[in-house]
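J.: This structure is in structure tokens; I'll ask about it shortly.
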Amino acid sequence: MPQPATSEWARTAAQRLARAVEDGDLPADTDHDALACHVMVVGEGNTVHAAAGTSREELHATVAVALRAVPRTGAGTRA
């Protein structure tokens, strides 16, 4: 039975995030599977809210908050 597209996307994103950990772009203790799921949930949630008429500014604010959950490799690495 084929996997849903979101599962394929989440798998691909998790693989890419795992590579980011290996490359030192994310901290070694980053849970790449959970982070991929987080990104997917925020994106899907914003899709639903955008379809319901949420303003672009409100959607961007949601993304700004979500980005704070992304682990950092060191101080000053992200604005």
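As shown in the structure tokens, the chain order sets the letters A, B, ...; within each chain, residues go from 1, and ligands are also counted from 1 in the order they appear.
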Can you pull out every residue within 9 Å of Asp31 in chain A, counting only C-alpha atoms, but drop anything in the same chain fewer than 3 positions away, and send it as a PyMOL selection string?
T.: chain A and resi 14+17-18+28+34-36
J.: Would you export the selected residues with N, CA and C atoms as a compact mmCIF listing (two decimals), in the first residue's frame, please?
T.:
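Written output follows (again_20.txt):
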# COMPACT_ATOMS: atom_id res chain seq x y z
N ALA A 14 13.28 14.51 7.29
CA ALA A 14 14.04 13.96 8.41
C ALA A 14 15.44 13.53 7.95
N LEU A 17 17.46 16.69 7.54
CA LEU A 17 17.82 17.25 8.83
C LEU A 17 18.88 16.40 9.52
N ALA A 18 18.83 15.08 9.33
CA ALA A 18 19.88 14.20 9.88
C ALA A 18 21.22 14.55 9.26
N ALA A 28 24.18 18.14 17.70
CA ALA A 28 24.24 16.68 17.65
C ALA A 28 23.04 16.01 18.30
N ALA A 34 11.49 14.42 14.92
CA ALA A 34 10.54 15.32 15.57
C ALA A 34 10.57 16.70 14.93
N LEU A 35 11.75 17.17 14.56
CA LEU A 35 11.86 18.48 13.92
C LEU A 35 11.18 18.47 12.55
N ALA A 36 11.34 17.39 11.80
CA ALA A 36 10.67 17.27 10.50
C ALA A 36 9.15 17.29 10.68
J.: Would you mind listing what lies within 12 Å of Gly45 in chain A as a PyMOL selection string, with only C-alpha atoms counted and same-chain residues fewer than 4 positions away left out?
T.: chain A and resi 37-41+49-52+54+59+62-63+66
J.: Report, in Å with one decimal, the straight-line distance from CA of Thr47 in chain A to CA of Ala61 in chain A.
T.: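 CA of Ala61 in chain A lies at a distance of 13.9 Å from CA of Thr47 in chain A.
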J.: If you measure from CA of Pro71 in chain A to CA of Pro27 in chain A, what distance in Å do you get, rounded to one decimal?
T.: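 Between CA of Pro71 in chain A and CA of Pro27 in chain A the gap is 6.6 Å.
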J.: As a count of residues only, list the residues of chain A assigned to helix (DSSP H, G or I) by DSSP on the backbone atoms of this structure.
T.: 50
J.: Could you please determine the separation between CA of Val42 in chain A and CA of Val65 in chain A in Å, to one decimal place?
T.: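 Computed distance, CA of Val42 in chain A to CA of Val65 in chain A, equals 10.1 Å.
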J.: Fewer than 5 positions away in the same chain doesn't count, so skip those; otherwise give me all residues within 12 Å of Gly24 in chain A, counting only C-alpha atoms, as a ChimeraX atom specification.
T.: /A:17-19,29-30,71-74,77
J.: Restricting it to N, CA and C atoms, dump the selection as a PDB file, in the first residue's frame.
T.:
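And here is the file that came out, part-v1.pdb:
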ATOM      1  N   LEU A  17      17.464  16.690   7.535  1.00  0.00           N
ATOM      2  CA  LEU A  17      17.823  17.246   8.834  1.00  0.00           C
ATOM      3  C   LEU A  17      18.885  16.396   9.523  1.00  0.00           C
ATOM      4  N   ALA A  18      18.833  15.077   9.329  1.00  0.00           N
ATOM      5  CA  ALA A  18      19.876  14.202   9.875  1.00  0.00           C
ATOM      6  C   ALA A  18      21.221  14.554   9.262  1.00  0.00           C
ATOM      7  N   ARG A  19      21.211  14.850   7.966  1.00  0.00           N
ATOM      8  CA  ARG A  19      22.457  15.254   7.299  1.00  0.00           C
ATOM      9  C   ARG A  19      22.949  16.592   7.856  1.00  0.00           C
ATOM     10  N   ASP A  29      22.443  16.647  19.298  1.00  0.00           N
ATOM     11  CA  ASP A  29      21.315  16.022  19.993  1.00  0.00           C
ATOM     12  C   ASP A  29      19.957  16.374  19.387  1.00  0.00           C
ATOM     13  N   THR A  30      19.929  16.954  18.184  1.00  0.00           N
ATOM     14  CA  THR A  30      18.685  17.306  17.518  1.00  0.00           C
ATOM     15  C   THR A  30      17.915  16.046  17.140  1.00  0.00           C
ATOM     16  N   PRO A  71      16.714  24.098  16.751  1.00  0.00           N
ATOM     17  CA  PRO A  71      17.926  24.152  17.574  1.00  0.00           C
ATOM     18  C   PRO A  71      19.048  24.930  16.895  1.00  0.00           C
ATOM     19  N   ARG A  72      19.881  25.544  17.703  1.00  0.00           N
ATOM     20  CA  ARG A  72      21.026  26.301  17.190  1.00  0.00           C
ATOM     21  C   ARG A  72      22.312  25.545  17.473  1.00  0.00           C
ATOM     22  N   THR A  73      23.300  25.766  16.627  1.00  0.00           N
ATOM     23  CA  THR A  73      24.596  25.147  16.844  1.00  0.00           C
ATOM     24  C   THR A  73      25.491  25.986  17.742  1.00  0.00           C
ATOM     25  N   GLY A  74      25.192  27.269  17.876  1.00  0.00           N
ATOM     26  CA  GLY A  74      25.994  28.148  18.732  1.00  0.00           C
ATOM     27  C   GLY A  74      25.406  29.526  18.768  1.00  0.00           C
ATOM     28  N   THR A  77      24.289  32.234  15.595  1.00  0.00           N
ATOM     29  CA  THR A  77      24.253  31.554  14.310  1.00  0.00           C
ATOM     30  C   THR A  77      22.990  31.853  13.530  1.00  0.00           C
TER      31      THR A  77
END
